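protein.txt, holding compact mmCIF, C-alpha atoms:
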# COMPACT_ATOMS: atom_id res chain seq x y z
CA MET U 1 -5.52 9.23 -37.47
CA ASN U 2 -6.24 7.96 -33.96
CA PRO U 3 -5.34 10.77 -31.49
CA HIS U 4 -5.04 8.26 -28.64
CA PRO U 5 -3.20 5.23 -30.02
CA ASP U 6 -2.21 2.44 -27.71
CA LEU U 7 1.08 2.03 -29.52
CA THR U 8 3.37 4.46 -31.29
CA VAL U 9 6.89 3.98 -32.58
CA GLY U 10 8.19 6.11 -29.71
CA VAL U 11 6.41 3.99 -27.10
CA ILE U 12 7.61 0.73 -28.62
CA GLN U 13 11.21 1.89 -28.81
CA GLY U 14 11.03 3.28 -25.29
CA LEU U 15 9.94 -0.15 -24.07
CA GLY U 16 12.86 -1.59 -26.03
CA TRP U 17 15.29 0.47 -23.95
CA LEU U 18 13.54 -0.73 -20.80
CA TYR U 19 13.89 -4.35 -21.90
CA LEU U 20 17.54 -3.68 -22.69
CA LEU U 21 18.16 -2.35 -19.17
CA LEU U 22 16.40 -5.41 -17.78
CA PHE U 23 18.63 -7.57 -20.00
CA PHE U 24 21.80 -6.09 -18.49
CA ALA U 25 20.42 -6.49 -14.97
CA ASN U 26 19.60 -10.16 -15.58
CA ALA U 27 22.94 -10.75 -17.27
CA ALA U 28 24.58 -9.71 -14.02
CA TRP U 29 22.14 -11.89 -12.10
CA THR U 30 23.01 -14.87 -14.34
CA VAL U 31 26.66 -14.49 -13.32
CA TYR U 32 25.59 -14.30 -9.67
CA SER U 33 23.44 -17.41 -10.08
CA PHE U 34 26.29 -19.30 -11.75
CA LYS U 35 28.56 -18.56 -8.79
CA ASN U 36 26.07 -19.24 -6.01
CA ASP U 37 23.16 -21.49 -7.09
CA GLY U 38 25.05 -24.64 -7.98
CA TYR U 39 23.95 -27.31 -10.47
CA TYR U 40 20.98 -29.51 -11.34
CA GLU U 41 21.66 -33.20 -10.85
CA LYS U 42 19.80 -33.89 -14.07
CA LEU U 43 17.69 -31.62 -16.28
CA PHE U 44 16.28 -32.49 -19.73
CA GLY U 45 18.51 -35.54 -19.76
CA ILE U 46 21.64 -33.45 -19.14
CA LYS U 47 23.63 -34.04 -15.98
CA HIS U 48 25.44 -31.43 -13.92
CA LEU U 49 23.76 -28.48 -15.64
CA PRO U 50 24.22 -25.09 -13.94
CA LYS U 51 21.02 -23.65 -12.50
CA ALA U 52 22.02 -20.35 -14.07
CA VAL U 53 21.06 -21.79 -17.46
CA MET U 54 17.44 -20.84 -16.79
CA TRP U 55 18.41 -17.24 -16.14
CA ALA U 56 20.67 -17.29 -19.21
CA SER U 57 17.74 -18.42 -21.37
CA TYR U 58 15.48 -15.73 -19.90
CA THR U 59 18.18 -13.09 -20.38
CA GLY U 60 18.55 -14.11 -24.02
CA GLY U 61 14.80 -13.74 -24.45
CA LEU U 62 14.98 -10.22 -23.01
CA LEU U 63 17.70 -9.32 -25.52
CA ALA U 64 15.57 -10.62 -28.39
CA LEU U 65 12.60 -8.69 -27.01
CA ALA U 66 14.66 -5.50 -26.80
CA ILE U 67 15.94 -5.87 -30.38
CA THR U 68 12.39 -6.51 -31.62
CA HIS U 69 11.17 -3.29 -30.02
CA LEU U 70 14.14 -1.15 -31.00
CA THR U 71 14.00 -2.19 -34.67
CA VAL U 72 10.25 -1.73 -35.12
CA GLY U 73 9.08 -0.30 -38.42
CA ALA U 74 6.94 2.75 -39.04
CA ASN U 75 3.61 0.94 -38.71
CA ALA U 76 3.17 0.62 -34.96
CA SER U 77 -0.47 -0.47 -35.19
CA GLU U 78 0.60 -3.89 -36.47
CA PHE U 79 2.87 -4.54 -33.49
CA THR U 80 1.44 -7.59 -31.69
CA LEU U 81 3.37 -7.61 -28.40
CA LYS U 82 0.79 -5.80 -26.30
CA LEU U 83 -1.62 -6.47 -23.47
CA PRO U 84 -4.69 -8.52 -24.53
CA GLY U 85 -8.10 -6.95 -24.09
CA TRP U 86 -9.49 -9.76 -21.90
CA PHE U 87 -6.77 -9.16 -19.32
CA LYS U 88 -7.42 -5.43 -19.23
CA ASN U 89 -11.14 -5.98 -18.73
CA ALA U 90 -10.55 -8.49 -15.93
CA ALA U 91 -8.02 -6.21 -14.19
CA ASP U 92 -10.36 -3.20 -14.45
CA THR U 93 -13.18 -5.21 -12.91
CA VAL U 94 -11.03 -6.05 -9.89
CA ILE U 95 -9.25 -2.72 -9.44
CA ALA U 96 -12.24 -0.43 -9.97
CA ASP U 97 -14.24 -2.21 -7.26
CA PRO U 98 -13.18 -0.90 -3.82
CA LYS U 99 -14.07 -4.19 -2.12
CA SER U 100 -11.84 -6.29 -4.37
CA PHE U 101 -9.08 -3.65 -4.38
CA PHE U 102 -8.89 -3.56 -0.60
CA GLY U 103 -9.24 -7.35 -0.44
CA LEU U 104 -6.29 -7.64 -2.81
CA SER U 105 -4.17 -5.31 -0.66
CA ILE U 106 -5.06 -7.35 2.45
CA ALA U 107 -4.18 -10.57 0.61
CA ILE U 108 -0.76 -9.13 -0.32
CA TYR U 109 -0.20 -8.10 3.31
CA VAL U 110 -1.11 -11.59 4.57
CA ALA U 111 1.13 -13.21 1.95
CA ILE U 112 4.05 -11.00 3.00
CA ILE U 113 3.69 -12.19 6.59
CA LEU U 114 2.88 -15.87 6.06
CA LEU U 115 5.21 -16.53 3.11
CA ARG U 116 8.14 -14.47 4.43
CA ASP U 117 10.53 -17.44 4.53
CA TRP U 118 9.81 -18.14 0.86
CA TRP U 119 9.67 -14.78 -0.88
CA VAL U 120 12.77 -13.36 0.86
CA LYS U 121 14.96 -15.91 -0.92
CA PRO U 122 17.09 -13.89 -3.34
CA THR U 123 16.06 -15.92 -6.38
CA ILE U 124 12.34 -15.65 -5.56
CA ALA U 125 12.62 -11.93 -4.80
CA TRP U 126 14.46 -11.30 -8.07
CA THR U 127 11.82 -13.29 -9.94
CA LEU U 128 9.05 -11.19 -8.40
CA PHE U 129 10.94 -8.02 -9.32
CA ASN U 130 11.22 -9.18 -12.94
CA LEU U 131 7.53 -10.04 -13.07
CA SER U 132 6.59 -6.60 -11.76
CA VAL U 133 8.78 -4.83 -14.34
CA LEU U 134 7.41 -6.98 -17.15
CA PHE U 135 3.85 -6.26 -15.97
CA ILE U 136 4.46 -2.51 -16.06
CA ALA U 137 6.24 -2.72 -19.41
CA VAL U 138 3.44 -4.66 -21.08
CA SER U 139 0.83 -2.44 -19.43
CA MET U 140 2.52 0.61 -20.95
CA THR U 141 1.21 -0.57 -24.30
CA ASP U 142 -2.23 0.64 -23.15
CA PHE U 143 -2.83 4.35 -23.75
CA ASP U 144 -4.94 5.01 -20.65
CA PHE U 145 -2.49 3.20 -18.34
CA ARG U 146 0.34 5.20 -19.87
CA GLN U 147 -1.46 8.49 -19.28
CA ILE U 148 -2.02 7.71 -15.60
CA VAL U 149 1.28 6.09 -14.62
CA GLY U 150 3.40 8.25 -16.93
CA LYS U 151 2.31 11.59 -15.44
CA PRO U 152 5.41 13.38 -14.13
CA ASP U 153 4.00 13.64 -10.62
CA ASN U 154 2.95 9.96 -10.60
CA VAL U 155 6.29 8.50 -11.67
CA PRO U 156 7.85 9.06 -8.20
CA ILE U 157 4.94 7.12 -6.65
CA LEU U 158 5.85 4.14 -8.82
CA GLY U 159 9.45 4.45 -7.67
CA MET U 160 8.25 4.67 -4.07
CA LEU U 161 6.46 1.33 -4.45
CA TYR U 162 9.70 -0.36 -5.49
CA LEU U 163 11.51 1.34 -2.61
CA VAL U 164 8.87 0.11 -0.14
CA GLY U 165 9.13 -3.38 -1.61
CA PHE U 166 12.92 -3.41 -1.32
CA THR U 167 13.04 -2.14 2.27
CA THR U 168 10.33 -4.61 3.30
CA TRP U 169 12.29 -7.44 1.68
CA LEU U 170 15.51 -6.28 3.35
CA TYR U 171 13.88 -6.29 6.79
CA PHE U 172 12.43 -9.79 6.44
CA TYR U 173 15.64 -11.10 4.83
CA LYS U 174 17.75 -9.95 7.79
CA SER U 175 15.07 -10.99 10.28
CA LYS U 176 14.99 -14.50 8.87
CA ASP U 177 18.74 -14.82 9.31
CA ASN U 178 18.65 -13.57 12.90
CA ASP U 179 15.63 -15.68 13.84
CA LYS U 180 17.46 -18.74 12.57
CA ARG U 181 20.55 -17.78 14.57
CA ILE U 182 18.49 -17.28 17.74
CA ALA U 183 16.85 -20.68 17.30
CA GLU U 184 20.24 -22.33 16.85
CA GLY U 185 21.84 -20.47 19.76
CA ARG U 186 24.32 -18.63 17.55
CA PRO U 187 25.22 -14.94 17.95
CA LEU U 188 23.24 -12.31 16.04
CA ARG U 189 24.62 -11.06 12.75
CA GLU U 190 24.75 -7.54 14.20
CA LYS U 191 27.09 -8.85 16.90
CA GLU U 192 29.40 -10.37 14.32
CA LEU U 193 29.45 -7.13 12.33
CA SER U 194 30.01 -4.83 15.28
CA ASP U 195 33.54 -3.80 14.28
CA GLN U 196 33.95 -0.06 14.57
CA VAL U 197 35.15 2.08 11.67
CA LEU U 198 36.52 5.60 11.59
CA VAL U 199 34.33 8.54 10.59
CA TRP U 200 37.16 9.66 8.35
CA PRO U 201 37.76 8.32 5.82
CA ASP U 202 35.35 5.33 5.94
CA LEU U 203 31.98 6.96 6.72
CA VAL U 204 32.62 10.32 5.04
CA TYR U 205 33.93 8.62 1.89
CA THR U 206 30.83 6.41 1.65
CA GLU U 207 28.52 9.39 2.21
CA MET U 208 30.34 11.39 -0.46
CA ILE U 209 29.93 8.62 -3.03
CA CYS U 210 26.21 8.36 -2.19
CA MET U 211 25.84 12.14 -2.48
CA ILE U 212 27.48 12.20 -5.91
CA LEU U 213 25.33 9.34 -7.22
CA LEU U 214 22.13 10.89 -5.85
CA THR U 215 23.01 14.28 -7.34
CA ALA U 216 23.63 12.69 -10.74
CA LEU U 217 20.29 10.85 -10.49
CA LEU U 218 18.43 14.07 -9.65
CA ILE U 219 20.06 15.92 -12.56
CA VAL U 220 19.10 13.20 -15.04
CA TRP U 221 15.62 13.04 -13.50
CA GLY U 222 15.17 16.83 -13.82
CA VAL U 223 16.29 16.82 -17.46
CA VAL U 224 14.34 13.79 -18.67
CA LEU U 225 11.11 14.20 -16.66
CA GLN U 226 9.28 17.47 -17.16
CA ALA U 227 8.10 19.30 -14.05
CA PRO U 228 4.31 18.82 -13.56
CA LEU U 229 3.52 22.53 -13.80
CA GLU U 230 -0.09 23.44 -14.50
CA GLU U 231 -1.91 26.61 -15.45
CA PRO U 232 -2.32 29.38 -12.84
CA ALA U 233 -4.85 28.56 -10.15
CA SER U 234 -8.35 29.90 -10.62
CA ALA U 235 -11.28 29.91 -8.22
CA VAL U 236 -13.71 29.36 -11.09
CA LYS U 237 -11.87 26.38 -12.57
CA THR U 238 -10.62 23.65 -10.28
CA PRO U 239 -8.92 20.42 -11.40
CA ASN U 240 -11.08 17.31 -11.65
CA PRO U 241 -10.02 15.36 -9.70
CA SER U 242 -8.55 17.81 -7.22
CA LYS U 243 -5.95 15.83 -5.31
CA ALA U 244 -3.74 16.55 -2.34
CA PRO U 245 0.02 15.89 -2.52
CA TRP U 246 0.82 12.19 -2.58
CA TYR U 247 1.78 12.08 1.11
CA PHE U 248 -1.70 13.38 2.03
CA LEU U 249 -3.66 11.11 -0.31
CA GLY U 250 -4.21 8.63 2.51
CA LEU U 251 -5.90 11.35 4.55
CA GLN U 252 -7.90 12.51 1.54
CA GLU U 253 -9.12 8.96 0.99
CA MET U 254 -10.22 8.82 4.64
CA LEU U 255 -12.49 11.80 3.95
CA VAL U 256 -14.63 9.44 1.87
CA TYR U 257 -15.48 7.44 4.97
CA PHE U 258 -15.20 9.92 7.86
CA ASP U 259 -16.33 13.44 8.62
CA PRO U 260 -13.62 16.09 7.99
CA TRP U 261 -13.05 16.73 11.69
CA MET U 262 -12.45 13.03 12.23
CA ALA U 263 -10.33 12.30 9.14
CA GLY U 264 -8.42 15.58 9.17
CA VAL U 265 -7.96 16.26 12.88
CA VAL U 266 -8.75 13.39 15.24
CA LEU U 267 -7.24 10.42 13.39
CA PRO U 268 -3.98 12.23 12.38
CA SER U 269 -3.61 13.43 15.99
CA VAL U 270 -4.18 9.89 17.25
CA ILE U 271 -1.58 8.58 14.78
CA LEU U 272 1.03 11.09 15.98
CA GLY U 273 0.13 10.55 19.63
CA GLY U 274 0.21 6.79 19.18
CA LEU U 275 3.66 6.91 17.58
CA MET U 276 4.93 8.94 20.54
CA ALA U 277 3.27 6.57 23.01
CA ILE U 278 4.70 3.36 21.55
CA PRO U 279 8.02 3.47 23.49
CA TYR U 280 6.10 3.89 26.75
CA ILE U 281 3.52 1.15 26.23
CA ASP U 282 5.84 -1.43 24.66
CA PHE U 283 6.79 -4.08 27.23
CA ASN U 284 8.81 -6.32 24.91
CA THR U 285 12.52 -5.63 25.42
CA LYS U 286 13.58 -8.00 22.66
CA GLY U 287 14.37 -6.87 19.15
CA ASN U 288 16.18 -3.68 20.16
CA GLY U 289 19.23 -3.08 18.00
CA TYR U 290 18.79 -6.05 15.70
CA TYR U 291 16.43 -7.39 13.06
CA THR U 292 13.91 -10.00 14.17
CA PHE U 293 10.34 -10.97 13.42
CA ASN U 294 9.67 -13.95 15.66
CA GLU U 295 10.40 -11.89 18.76
CA ARG U 296 8.25 -8.92 17.60
CA LYS U 297 5.41 -10.58 15.71
CA PHE U 298 2.56 -8.47 17.06
CA ALA U 299 4.39 -5.14 16.79
CA VAL U 300 5.70 -5.74 13.27
CA SER U 301 2.42 -7.20 11.96
CA THR U 302 0.42 -4.30 13.40
CA PHE U 303 2.80 -1.72 11.97
CA LEU U 304 2.80 -3.34 8.53
CA PHE U 305 -1.01 -3.51 8.53
CA GLY U 306 -1.21 0.21 9.24
CA PHE U 307 1.55 1.03 6.77
CA LEU U 308 0.99 -1.21 3.74
CA PRO U 309 -2.77 -1.61 3.14
CA LEU U 310 -3.95 1.41 5.17
CA TRP U 311 -1.35 3.95 4.06
CA VAL U 312 0.60 2.84 0.97
CA GLY U 313 -2.53 1.15 -0.39
CA MET U 314 -4.53 4.35 0.10
CA ILE U 315 -1.81 6.35 -1.68
CA VAL U 316 -1.93 3.94 -4.62
CA LEU U 317 -5.72 4.17 -4.63
CA GLY U 318 -5.72 7.96 -4.56
CA THR U 319 -2.97 8.28 -7.17
CA PHE U 320 -3.78 5.71 -9.84
CA ILE U 321 -7.40 4.67 -9.20
CA ARG U 322 -9.30 7.77 -8.09
CA GLY U 323 -10.28 9.77 -11.16
CA PRO U 324 -12.73 12.54 -12.06
CA ASN U 325 -15.45 13.21 -9.47
CA TRP U 326 -13.41 10.97 -7.15
CA ASN U 327 -14.83 7.89 -8.85
CA MET U 328 -12.80 4.70 -9.02
CA PHE U 329 -11.40 3.65 -12.40
CA GLY U 330 -9.51 0.59 -13.56
CA LEU U 331 -5.85 0.71 -14.52
CA TYR U 332 -6.74 0.52 -18.20
CA GLU U 333 -9.97 2.52 -18.09
CA TYR U 334 -10.45 5.96 -19.64
CA TRP U 335 -10.96 8.67 -17.03
CA ASP U 336 -14.38 9.82 -18.18
CA SER U 337 -15.48 12.95 -16.30
CA HIS U 338 -19.10 12.08 -17.12
CA LYS U 339 -18.98 8.76 -15.28
CA LEU U 340 -21.67 8.75 -12.61
CA GLU U 341 -22.08 6.27 -9.79
CA VAL U 342 -25.28 6.79 -7.85
CA LEU U 343 -24.99 5.86 -4.16
CA ASN U 344 -27.69 6.12 -1.54
CA ASN U 345 -25.66 6.35 1.64
CA VAL U 346 -27.61 6.05 4.88
CA ASN U 347 -26.89 6.36 8.60
CA VAL U 348 -27.45 3.89 11.43
CA SER U 349 -30.40 5.98 12.60
CA ASP U 350 -31.94 5.68 9.12
CA TYR U 351 -31.65 1.90 9.29
CA PHE U 352 -33.15 1.78 12.77
CA TRP U 353 -36.07 4.21 12.40
CA LEU U 354 -36.93 4.06 8.68
CA THR U 355 -36.11 0.45 7.80
CA LEU U 356 -36.50 -1.52 11.02
CA LEU U 357 -39.29 0.38 12.84
CA GLU U 358 -40.74 1.96 9.68
CA LEU U 359 -41.18 5.24 11.57
CA PRO U 360 -40.09 8.76 10.64
CA LEU U 361 -36.86 10.07 12.10
CA PRO U 362 -37.35 12.12 15.28
CA LYS U 363 -36.63 15.74 14.44
CA PRO U 364 -35.83 18.36 17.08
CA ASP U 365 -38.15 21.34 17.19
CA PRO U 366 -36.10 24.45 16.33
CA GLN U 367 -38.39 26.49 18.59
CA ALA U 368 -37.85 24.23 21.61
CA GLY U 369 -35.19 24.68 24.26
CA PHE U 370 -31.75 23.13 24.19
CA VAL U 371 -32.67 20.33 26.59
CA SER U 372 -35.69 19.31 24.51
CA GLN U 373 -33.67 19.39 21.28
CA ALA U 374 -30.85 17.41 22.85
CA ALA U 375 -33.29 14.77 24.10
CA THR U 376 -34.77 14.36 20.61
CA ILE U 377 -31.32 14.12 19.02
CA LEU U 378 -30.15 11.53 21.55
CA LEU U 379 -33.36 9.56 21.00
CA ARG U 380 -32.70 9.56 17.25
CA GLU U 381 -29.04 8.53 17.57
CA TRP U 382 -29.09 6.29 20.65
CA VAL U 383 -28.34 3.12 18.69
CA GLY U 384 -25.27 4.59 17.03
CA ILE U 385 -24.06 6.11 20.31
CA LEU U 386 -24.32 2.73 22.03
CA LEU U 387 -22.39 1.08 19.20
CA VAL U 388 -19.58 3.63 19.48
CA LEU U 389 -19.43 3.31 23.28
CA PHE U 390 -19.43 -0.48 23.03
CA TYR U 391 -16.60 -0.36 20.48
CA LEU U 392 -14.40 1.95 22.55
CA LEU U 393 -15.30 0.92 26.11
CA ALA U 394 -16.51 -2.69 26.05
CA ILE U 395 -14.24 -4.30 23.47
CA PRO U 396 -10.93 -3.45 25.26
CA PRO U 397 -11.95 -5.37 28.43
CA LEU U 398 -13.12 -8.25 26.26
CA LEU U 399 -9.74 -8.30 24.53
CA ALA U 400 -8.04 -8.19 27.93
CA VAL U 401 -9.66 -11.45 29.05
CA THR U 402 -9.51 -13.25 25.70
CA VAL U 403 -7.16 -12.62 22.79
CA PHE U 404 -4.78 -10.21 24.54
CA LYS U 405 -4.85 -11.77 28.00
CA ASN U 406 -1.06 -12.10 28.18
CA PHE U 407 -0.65 -8.52 27.02
CA PHE U 408 -2.94 -7.27 29.80
CA VAL U 409 -1.01 -9.17 32.47
CA LYS U 410 2.34 -7.77 31.33
CA MET U 411 1.23 -4.22 30.48
CA GLY U 412 -1.15 -3.36 33.27
CA PHE U 413 -4.48 -1.57 33.00
CA ILE U 414 -3.44 1.89 31.79
CA ARG U 415 -0.90 0.83 29.18
CA PHE U 416 -3.18 -1.91 27.90
CA MET U 417 -6.16 0.45 27.53
CA VAL U 418 -4.02 2.94 25.61
CA MET U 419 -2.72 0.19 23.34
CA ALA U 420 -6.18 -1.34 22.84
CA ASN U 421 -7.81 1.97 21.94
CA LEU U 422 -5.01 2.85 19.53
CA PHE U 423 -5.48 -0.57 17.93
CA LEU U 424 -9.26 -0.10 17.71
CA LEU U 425 -8.94 3.38 16.21
CA MET U 426 -6.63 1.99 13.55
CA ALA U 427 -9.11 -0.83 12.88
CA SER U 428 -11.94 1.71 12.58
CA LEU U 429 -10.74 2.71 9.10
CA PRO U 430 -11.07 -0.72 7.42
CA LEU U 431 -14.27 -1.37 9.39
CA LYS U 432 -15.82 1.89 8.23
CA MET U 433 -14.71 1.18 4.67
CA LEU U 434 -16.29 -2.27 4.81
CA LEU U 435 -19.55 -0.86 6.21
CA ARG U 436 -19.68 1.71 3.43
CA TRP U 437 -19.10 -0.86 0.70
CA VAL U 438 -21.46 -3.52 2.03
CA PHE U 439 -24.28 -1.48 3.60
CA ASN U 440 -23.77 1.99 2.07
CA LEU U 441 -23.38 3.19 5.65
CA LYS U 442 -22.33 6.81 5.90
CA TYR U 443 -22.29 7.62 9.63
CA ILE U 444 -22.79 5.57 12.75
CA VAL U 445 -23.71 8.70 14.68
CA SER U 446 -25.04 11.63 12.64
CA ILE U 447 -25.70 14.87 14.51
CA PRO U 448 -25.41 17.67 11.93
CA GLU U 449 -27.07 20.03 14.42
CA TRP U 450 -23.88 19.87 16.51
CA VAL U 451 -21.52 19.26 13.59
CA LEU U 452 -20.78 15.85 15.07
CA ASN U 453 -20.69 12.87 12.73
CA ILE U 454 -18.93 9.59 13.46
Conversion result in structure tokens:
Amino acid sequence: MNPHPDLTVGVIQGLGWLYLLLFFANAAWTVYSFKNDGYYEKLFGIKHLPKAVMWASYTGGLLALAITHLTVGANASEFTLKLPGWFKNAADTVIADPKSFFGLSIAIYVAIILLRDWWVKPTIAWTLFNLSVLFIAVSMTDFDFRQIVGKPDNVPILGMLYLVGFTTWLYFYKSKDNDKRIAEGRPLREKELSDQVLVWPDLVYTEMICMILLTALLIVWGVVLQAPLEEPASAVKTPNPSKAPWYFLGLQEMLVYFDPWMAGVVLPSVILGGLMAIPYIDFNTKGNGYYTFNERKFAVSTFLFGFLPLWVGMIVLGTFIRGPNWNMFGLYEYWDSHKLEVLNNVNVSDYFWLTLLELPLPKPDPQAGFVSQAATILLREWVGILLVLFYLLAIPPLLAVTVFKNFFVKMGFIRFMVMANLFLLMASLPLKMLLRWVFNLKYIVSIPEWVLNI
């Protein structure tokens, strides 16, 4: 008997309940579509056909799919509705490669911005939601995917992704409406909905209902999903992989590309300081108190870039992709602890002295004085130091006279320099990731003698 079967009767019937829930959700959506989407002028030779007929057909297919899964026989190995092997191999090739994974996250971010007027349409958004649920449902027919996504402490991450998707959609949906109103000279929707309500009973009643529903959800969650308790901690036996809590996985992923003092101290401090500085460096008075994108394009796009690919994407990477020995695995790949990926990471000084000049690296004499050692170290790392100084000191003035010229005029020197350096520090993460993937570059400046690596 196979101890790790892709399909069991329990898994198939569990998917049947999922399809049944999706059936009820789409049945309600079919009613909504019938009331709001109107009719086709002519479809398949039939005139005046409701557009909801497409959703009705899809909903009927979901019901048939649910019945098929719920009435499965004892022999689950013969069940054919599962993910094909060619798709799993192709997906693993893309996901397990950090370059293509990050490229995919950037492509999703760009699509969210550029296609915002299209994907925020309720019908399109509901279609994308259905496709995502169907993707997860079909993927659950793979044993390795099920072991990763179905872990009790990973299930909330999956729910978080849907929550992030919904809130992002809600923002762009309301922004699209307001941007259209502004262009047409009509009042903002927030102005039309500015009627005041009483705290009691309106607000308190609504909060009470939300509290009851959330409490019921947490009770069901606690009963159905087992707590991810592990064996007592031991100094001689650590988990592989040893992961931080989900909200720190972004920082843990940054440790792959930065020294601990940079990833664990400097960058988090800059993030917190930058968030506190935003109200003082922001010169755009528009967009306060109402949803808009066209009036806050730079601010919203910058925030979403830092939040979606650089934070949520890193959480997804650390949760579902990083496996034993912190290697990257595909969604449908077995987490083999013996997997070994040999990397020869080098520093900028290695490239300059060993590859370009074909000379040995200058090494400080441990018997020499501090000044002599410092001179040797600076000689070894002068290229990397110049690159860092150019990045932090020369690029902001270049931005001030080119791309961000209007920003510089409106913000002034101090506020612009703060904003530019915050922007460059945020961009340093994807740049460092790209340098690692393309050139196997470890550090731009490597001074282990002073515990200073950049």
Checklist entry - By how many Å are CA of Asn89 (chain U) and CA of Val149 (chain U) apart? => result 17.8 Å
Checklist entry - Can you tell me, as number ranges by chain, what residues are no more than 12 Å from region 303-306 of chain U when counting only C-alpha atoms, ignoring any on the same chain fewer than 3 positions away? => result U: 105-113, 164-165, 168, 171-172, 250, 271, 274-275, 278, 293, 296-300, 309-314, 422-430
For a quick check of your reading of the model, name the residues lying within 12 Å of the coordinate (-8.4, 11.6, 12.9), counting all atoms listed in the file, and write them as a PDB file with C-alpha atoms, in the coordinates of the input.
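New file part_15.pdb:
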ATOM      1  CA  GLY U 250      -4.210   8.630   2.510  1.00  0.00           C
ATOM      2  CA  LEU U 251      -5.900  11.350   4.550  1.00  0.00           C
ATOM      3  CA  GLN U 252      -7.900  12.510   1.540  1.00  0.00           C
ATOM      4  CA  MET U 254     -10.220   8.820   4.640  1.00  0.00           C
ATOM      5  CA  LEU U 255     -12.490  11.800   3.950  1.00  0.00           C
ATOM      6  CA  TYR U 257     -15.480   7.440   4.970  1.00  0.00           C
ATOM      7  CA  PHE U 258     -15.200   9.920   7.860  1.00  0.00           C
ATOM      8  CA  ASP U 259     -16.330  13.440   8.620  1.00  0.00           C
ATOM      9  CA  PRO U 260     -13.620  16.090   7.990  1.00  0.00           C
ATOM     10  CA  TRP U 261     -13.050  16.730  11.690  1.00  0.00           C
ATOM     11  CA  MET U 262     -12.450  13.030  12.230  1.00  0.00           C
ATOM     12  CA  ALA U 263     -10.330  12.300   9.140  1.00  0.00           C
ATOM     13  CA  GLY U 264      -8.420  15.580   9.170  1.00  0.00           C
ATOM     14  CA  VAL U 265      -7.960  16.260  12.880  1.00  0.00           C
ATOM     15  CA  VAL U 266      -8.750  13.390  15.240  1.00  0.00           C
ATOM     16  CA  LEU U 267      -7.240  10.420  13.390  1.00  0.00           C
ATOM     17  CA  PRO U 268      -3.980  12.230  12.380  1.00  0.00           C
ATOM     18  CA  SER U 269      -3.610  13.430  15.990  1.00  0.00           C
ATOM     19  CA  VAL U 270      -4.180   9.890  17.250  1.00  0.00           C
ATOM     20  CA  ILE U 271      -1.580   8.580  14.780  1.00  0.00           C
ATOM     21  CA  LEU U 272       1.030  11.090  15.980  1.00  0.00           C
ATOM     22  CA  GLY U 273       0.130  10.550  19.630  1.00  0.00           C
ATOM     23  CA  GLY U 274       0.210   6.790  19.180  1.00  0.00           C
ATOM     24  CA  LEU U 422      -5.010   2.850  19.530  1.00  0.00           C
ATOM     25  CA  LEU U 425      -8.940   3.380  16.210  1.00  0.00           C
ATOM     26  CA  MET U 426      -6.630   1.990  13.550  1.00  0.00           C
ATOM     27  CA  SER U 428     -11.940   1.710  12.580  1.00  0.00           C
ATOM     28  CA  LEU U 429     -10.740   2.710   9.100  1.00  0.00           C
ATOM     29  CA  ILE U 454     -18.930   9.590  13.460  1.00  0.00           C
TER      30      ILE U 454
END
Residue neighbourhood Glu230 (chain U), 12 Å, all atoms listed in the file, exclusion window fewer than 4 positions, as a compact mmCIF listing (two decimals) with C-alpha atoms, in the frame of the given file:
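Done, and the output landed in part-v7.txt:
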# COMPACT_ATOMS: atom_id res chain seq x y z
CA PRO U 152 5.41 13.38 -14.13
CA ASP U 153 4.00 13.64 -10.62
CA GLN U 226 9.28 17.47 -17.16
CA SER U 234 -8.35 29.90 -10.62
CA THR U 238 -10.62 23.65 -10.28
CA PRO U 239 -8.92 20.42 -11.40
Item to check | Neighbour list for Leu392 (chain U) as a ChimeraX atom specification, cut-off 9 Å, only C-alpha atoms, skip fewer than 3 positions in-chain | outcome: /U:387-389,395-396,420-421,424-425
Next on the checklist: So that I can check the surroundings of Tyr443 (chain U), please list as a PyMOL selection string every protein, DNA and RNA residue that reaches within 7 Å of it, counting only C-alpha atoms and ignoring chain neighbours fewer than 3 positions away.
Outcome noted: chain U and resi 347-348+446+453-454
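The gap separating CA of Ile315 (chain U) from CA of Lys442 (chain U) is 21.9 Å, in Å to one decimal.
Atom to atom, CA of Lys243 (chain U) and CA of Ile447 (chain U) stand 28.0 Å apart.
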Next on the checklist: Between U:Leu198, U:Ile281, U:Tyr247, U:Leu357, which residue has the minimum interatomic distance to Phe407 (chain U), considering all atoms listed in the file?
Outcome noted: U:Ile281
Checklist entry - Quick one: of U:Val346, U:Leu249, U:Leu379, U:Ala235, who's nearest to Gly318 (chain U), counting all atoms listed in the file? => result U:Leu249
Checklist entry - What's the 12 Å shell around Ser100 (chain U), counting all atoms listed in the file, without same-chain residues fewer than 2 positions away, as a ChimeraX atom specification? => result /U:90-98,102-107,328,330,434,437-438
Export, as a compact mmCIF listing (two decimals), in the frame of the given file, the selected residues with C-alpha atoms.
# COMPACT_ATOMS: atom_id res chain seq x y z
CA ALA U 90 -10.55 -8.49 -15.93
CA ALA U 91 -8.02 -6.21 -14.19
CA ASP U 92 -10.36 -3.20 -14.45
CA THR U 93 -13.18 -5.21 -12.91
CA VAL U 94 -11.03 -6.05 -9.89
CA ILE U 95 -9.25 -2.72 -9.44
CA ALA U 96 -12.24 -0.43 -9.97
CA ASP U 97 -14.24 -2.21 -7.26
CA PRO U 98 -13.18 -0.90 -3.82
CA PHE U 102 -8.89 -3.56 -0.60
CA GLY U 103 -9.24 -7.35 -0.44
CA LEU U 104 -6.29 -7.64 -2.81
CA SER U 105 -4.17 -5.31 -0.66
CA ILE U 106 -5.06 -7.35 2.45
CA ALA U 107 -4.18 -10.57 0.61
CA MET U 328 -12.80 4.70 -9.02
CA GLY U 330 -9.51 0.59 -13.56
CA LEU U 434 -16.29 -2.27 4.81
CA TRP U 437 -19.10 -0.86 0.70
CA VAL U 438 -21.46 -3.52 2.03
